[in-house]
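Following: one structure in structure tokens, then a few remarks.
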Amino acid sequence: MTQHPRSPRLFVAVLPLLLLAMACGKSPDKTPTDETPQSTPIPPEQFAQEYAAAMCERAQACGNLAPYLVDGCKTGASMLIGPDDVKKAVDAGRLVYDADLARQCVNGIAKTRCLQDDLSDEVQALCYAAVKGTVQKGEACSFLFECAAGTCGGTTENTCPATCPDVLAEGQECSRIHGAPCDERAGLRCSGNVCVKPVDKGESCVDNLGCKSGLRCASSTNTCVPPATEGTACEEDASCAEGLYCQDGICAVRKGEGQRCSLGPDEVDPALRGAQCNDGLVCKGAGLDSEGNPLSGSCVKPSAEGGPCMDAPANNYGFSDGCLTGLSCVNGVCTLPPVSGECPASGTCRPGVAYCADDNTCQPLRPNGAACDIPPQCASRNCADGTCTPAVNYCHE
């Protein structure tokens, strides 16, 4: 039986927006569980800021992001939830807001462990209960959370308002690739092409999505069981118990600072994806050389701008230089990506500032209204009919 990783649901699916950067005030070696959660209720006018901070700090702690990306993180967050959206939706009667549950939601996001690819059912339920929409299916909506079922999704026509979507009820057939989604607000997931509520330990399942958070679907018995222990079979990192990762189908202990990593062909992938070393560490020196041979490394705290690193070997097939994510190793020093001049070997100019043009030089991103040929040329990442235009990913009140 094929096992499928949990597909990121709404409150985690926004991470691609926020992974552009981190929030301020977090040192790279912290994990999401290091700090004591706050207990103060979050008023509606502060939810957007607190939500973004939790998402961005988790992204920074888990992804070892360079500090210069902070502005990109805030931009990504504002694309999802505007600073006044919640308050305006509440005042208009389009949203019922619970300040205490909002605090529990934010605390839950911040404490989600790095190798867990989704929020727990409990945290997901808290977040949805904190922002309960009242707008019905087919009616116009202007904010992500104001629909009674489903969410007020992104627009493809670049216009607002959007419309509260059709969602599938429990027992209806579904697809994880196309068509209407299962109603996440009702706690449903698409498991075995049917919308179901995830079940508890010992109950029947067809894949991991059919089990409650913290459980996995054992292929030998088709029942939900606890996370796999060291030395037992796994399908993904999240299938293993805390402190373990999935290496070549077997749960293995993550490595601490100073330990060797990427010691063979089966260890290169987990080393490069950041699973083999403990949170806050990278496997410096790991990769594949020009002939596809594995390169070993050591688990270390990644270097900030100006810190030491390892230059990548020529024609490699993946390499960890030991810098914070977003920095490049140039002559043994972690360096910001360029905003002008020749594009670096990675082909990536400074995110949010420049792009790599056809002549292999970094050129400034173009503002709305400027001529364009492809989306990467535009600051908005949206090139329509040869012109950079605002990208309406989500509507706002």
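In the structure tokens, chains take letters A, B, ... by order of appearance, with residues numbered from 1 within each chain and ligands from 1 in the order shown.
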
#### Entry: Selection near Ala304 of chain A, 9 Å with only C-alpha atoms, sequence-local residues under 6 positions removed, as a VMD selection string
chain A and resid 66 to 67 323 to 324 327 334 to 335

### 6 Å contact set for segment 40-50 of chain A, only C-alpha atoms, chain neighbours under 2 positions out, as JSON, numbers by chain
{"A": [38, 52, 53, 81, 83, 86, 87, 99, 100, 103]}

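Closest approach to Met55 of chain A among A:Cys182, A:Ala228, A:Leu119, A:Cys388: A:Leu119, based on only C-alpha atoms.
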
### Task
Taking the DSSP assignment computed from this structure's backbone, write out as JSON, numbers by chain all residues of segment 51-151 of chain A that belong to helix (DSSP H, G or I).
{"A": [51, 52, 53, 54, 55, 56, 57, 58, 59, 60, 61, 62, 63, 67, 68, 69, 70, 71, 72, 73, 74, 75, 76, 77, 78, 79, 80, 85, 86, 87, 88, 89, 90, 91, 99, 100, 101, 102, 103, 104, 105, 106, 107, 108, 109, 110, 111, 121, 122, 123, 124, 125, 126, 127, 128, 129, 130]}

Extract, using only C-alpha atoms, all DNA, RNA and protein residues at most 7 Å from Phe145 of chain A, discarding same-chain residues fewer than 3 positions from it, and format them as a PDB file with C-alpha atoms, in the first residue's frame.
```pdb
ATOM      1  CA  VAL A 131     -11.959  32.968  13.195  1.00  0.00           C
ATOM      2  CA  LYS A 132     -15.418  31.561  12.385  1.00  0.00           C
ATOM      3  CA  GLY A 133     -16.863  32.930   9.168  1.00  0.00           C
ATOM      4  CA  THR A 151     -12.081  29.542   2.878  1.00  0.00           C
ATOM      5  CA  CYS A 152     -12.259  32.645   0.718  1.00  0.00           C
TER       6      CYS A 152
END
```

### Message
Please list as a PyMOL selection string every residue within 7 Å of Ser296 of chain A, counting only C-alpha atoms and excluding residues in the same chain fewer than 5 positions away.
### Response
chain A and resi 261-263+285-286

For the selection just defined, write its residues with C-alpha atoms to a file, as an mmCIF file, in the first residue's frame.
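Contents of the output file part37.cif:
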```cif
data_model
loop_
_atom_site.group_PDB
_atom_site.id
_atom_site.type_symbol
_atom_site.label_atom_id
_atom_site.label_comp_id
_atom_site.auth_asym_id
_atom_site.auth_seq_id
_atom_site.Cartn_x
_atom_site.Cartn_y
_atom_site.Cartn_z
ATOM 1 C CA CYS A 261 26.605 13.372 8.672
ATOM 2 C CA SER A 262 25.925 12.402 5.053
ATOM 3 C CA LEU A 263 28.153 9.360 5.463
ATOM 4 C CA GLY A 285 29.872 19.815 3.457
ATOM 5 C CA ALA A 286 27.134 17.341 2.521
#
```

### Message
List as a ChimeraX atom specification the protein and nucleic acid residues near Pro165 of chain A, meaning an atom at most 12 Å away when only C-alpha atoms are counted, but skip any in the same chain fewer than 2 places from it.
### Response
/A:135-141,144-155,162-163,167-168,179-183

Which residues, written as an mmCIF file with N, CA and C atoms, in the first residue's frame, have at least one atom at most 9 Å from segment 356-359 of chain A, with only C-alpha atoms counted and residues fewer than 6 positions away on the same chain left out?
```
data_model
loop_
_atom_site.group_PDB
_atom_site.id
_atom_site.type_symbol
_atom_site.label_atom_id
_atom_site.label_comp_id
_atom_site.auth_asym_id
_atom_site.auth_seq_id
_atom_site.Cartn_x
_atom_site.Cartn_y
_atom_site.Cartn_z
ATOM 1 N N GLU A 342 27.210 40.125 -12.329
ATOM 2 C CA GLU A 342 26.991 38.766 -12.819
ATOM 3 C C GLU A 342 26.165 37.946 -11.833
ATOM 4 N N CYS A 343 25.261 37.136 -12.367
ATOM 5 C CA CYS A 343 24.463 36.254 -11.522
ATOM 6 C C CYS A 343 25.375 35.230 -10.848
ATOM 7 N N PRO A 344 25.083 34.843 -9.612
ATOM 8 C CA PRO A 344 25.904 33.827 -8.947
ATOM 9 C C PRO A 344 25.698 32.466 -9.596
ATOM 10 N N GLY A 347 22.360 31.051 -9.795
ATOM 11 C CA GLY A 347 21.388 31.695 -10.667
ATOM 12 C C GLY A 347 20.367 32.529 -9.929
ATOM 13 N N THR A 348 20.561 32.717 -8.617
ATOM 14 C CA THR A 348 19.596 33.452 -7.805
ATOM 15 C C THR A 348 20.172 34.782 -7.349
ATOM 16 N N CYS A 349 19.581 35.874 -7.811
ATOM 17 C CA CYS A 349 19.942 37.204 -7.318
ATOM 18 C C CYS A 349 19.169 37.460 -6.027
ATOM 19 N N PRO A 376 9.095 36.433 -13.273
ATOM 20 C CA PRO A 376 10.213 36.732 -12.374
ATOM 21 C C PRO A 376 10.795 38.129 -12.529
ATOM 22 N N GLN A 377 10.497 38.816 -13.650
ATOM 23 C CA GLN A 377 10.998 40.175 -13.834
ATOM 24 C C GLN A 377 10.254 41.182 -12.961
#
```

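Atom CA of Cys217 of chain A to atom CA of Gly256 of chain A spans 29.3 Å [interatomic distance, one decimal].
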
### Proximity to Thr221 of chain A - best of A:Lys74, A:Lys111, A:Lys201, A:Arg94, only C-alpha atoms
A:Lys201

Non-local contacts of Asn316 of chain A (8 Å; only C-alpha atoms; under 2 positions in same chain excluded) as a PDB file with N, CA and C atoms, in the first residue's frame:
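And here's part_23.pdb as it stands now:
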```pdb
ATOM      1  N   GLY A 287      26.697  16.594   0.263  1.00  0.00           N
ATOM      2  CA  GLY A 287      26.281  16.787  -1.120  1.00  0.00           C
ATOM      3  C   GLY A 287      26.714  15.645  -2.010  1.00  0.00           C
ATOM      4  N   LEU A 288      26.663  15.911  -3.308  1.00  0.00           N
ATOM      5  CA  LEU A 288      27.107  14.962  -4.325  1.00  0.00           C
ATOM      6  C   LEU A 288      28.080  15.671  -5.253  1.00  0.00           C
ATOM      7  N   ASP A 289      29.219  15.043  -5.538  1.00  0.00           N
ATOM      8  CA  ASP A 289      30.196  15.678  -6.417  1.00  0.00           C
ATOM      9  C   ASP A 289      29.787  15.532  -7.881  1.00  0.00           C
ATOM     10  N   SER A 290      30.657  15.951  -8.777  1.00  0.00           N
ATOM     11  CA  SER A 290      30.330  15.975 -10.203  1.00  0.00           C
ATOM     12  C   SER A 290      30.063  14.594 -10.781  1.00  0.00           C
ATOM     13  N   GLU A 291      30.525  13.553 -10.090  1.00  0.00           N
ATOM     14  CA  GLU A 291      30.307  12.189 -10.559  1.00  0.00           C
ATOM     15  C   GLU A 291      29.200  11.487  -9.781  1.00  0.00           C
ATOM     16  N   GLY A 292      28.514  12.251  -8.916  1.00  0.00           N
ATOM     17  CA  GLY A 292      27.426  11.671  -8.137  1.00  0.00           C
ATOM     18  C   GLY A 292      27.855  10.942  -6.892  1.00  0.00           C
ATOM     19  N   ALA A 312      31.347  25.433  -2.789  1.00  0.00           N
ATOM     20  CA  ALA A 312      30.830  24.224  -3.428  1.00  0.00           C
ATOM     21  C   ALA A 312      31.798  23.718  -4.491  1.00  0.00           C
ATOM     22  N   PRO A 313      31.977  22.407  -4.591  1.00  0.00           N
ATOM     23  CA  PRO A 313      32.820  21.860  -5.662  1.00  0.00           C
ATOM     24  C   PRO A 313      32.173  22.093  -7.019  1.00  0.00           C
ATOM     25  N   ALA A 314      32.986  22.143  -8.049  1.00  0.00           N
ATOM     26  CA  ALA A 314      32.482  22.401  -9.396  1.00  0.00           C
ATOM     27  C   ALA A 314      31.538  21.292  -9.845  1.00  0.00           C
ATOM     28  N   GLY A 318      24.250  19.170  -5.808  1.00  0.00           N
ATOM     29  CA  GLY A 318      23.687  19.527  -4.515  1.00  0.00           C
ATOM     30  C   GLY A 318      24.781  19.606  -3.475  1.00  0.00           C
ATOM     31  N   PHE A 319      24.790  20.715  -2.686  1.00  0.00           N
ATOM     32  CA  PHE A 319      25.866  20.898  -1.711  1.00  0.00           C
ATOM     33  C   PHE A 319      25.394  21.827  -0.607  1.00  0.00           C
TER      34      PHE A 319
END
```

### Message
One decimal, in Å: what's the spacing between atom CA of Asp121 of chain A and atom CA of His396 of chain A?
### Response
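Computed distance, atom CA of Asp121 of chain A to atom CA of His396 of chain A, equals 26.7 Å.
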
### Task
Check the smallest atom-to-atom distance from each of A:Leu95, A:Asn315, A:Asp266, A:Gly258 to Gly297 of chain A using only C-alpha atoms, then report the winner.
A:Gly258

### Task
Apply DSSP to the backbone of this structure and, from segment 40-220 of chain A, keep only the residues in strand (DSSP E); write these as a VMD selection string.
chain A and resid 95 to 97 131 to 133 140 to 141 162 to 163 189 to 191 194 to 196 216 to 218

### Query
Counting only C-alpha atoms, which of A:Cys127, A:Cys195, A:Val268, A:Ser219 gets nearest to Lys284 of chain A?
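Using only C-alpha atoms, Lys284 of chain A sits closest to A:Val268.
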
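Using only C-alpha atoms for every distance, the candidate list A:Leu65, A:Ile177, A:Val90, A:Cys234 yields A:Leu65 as the residue closest to Ser303 of chain A.
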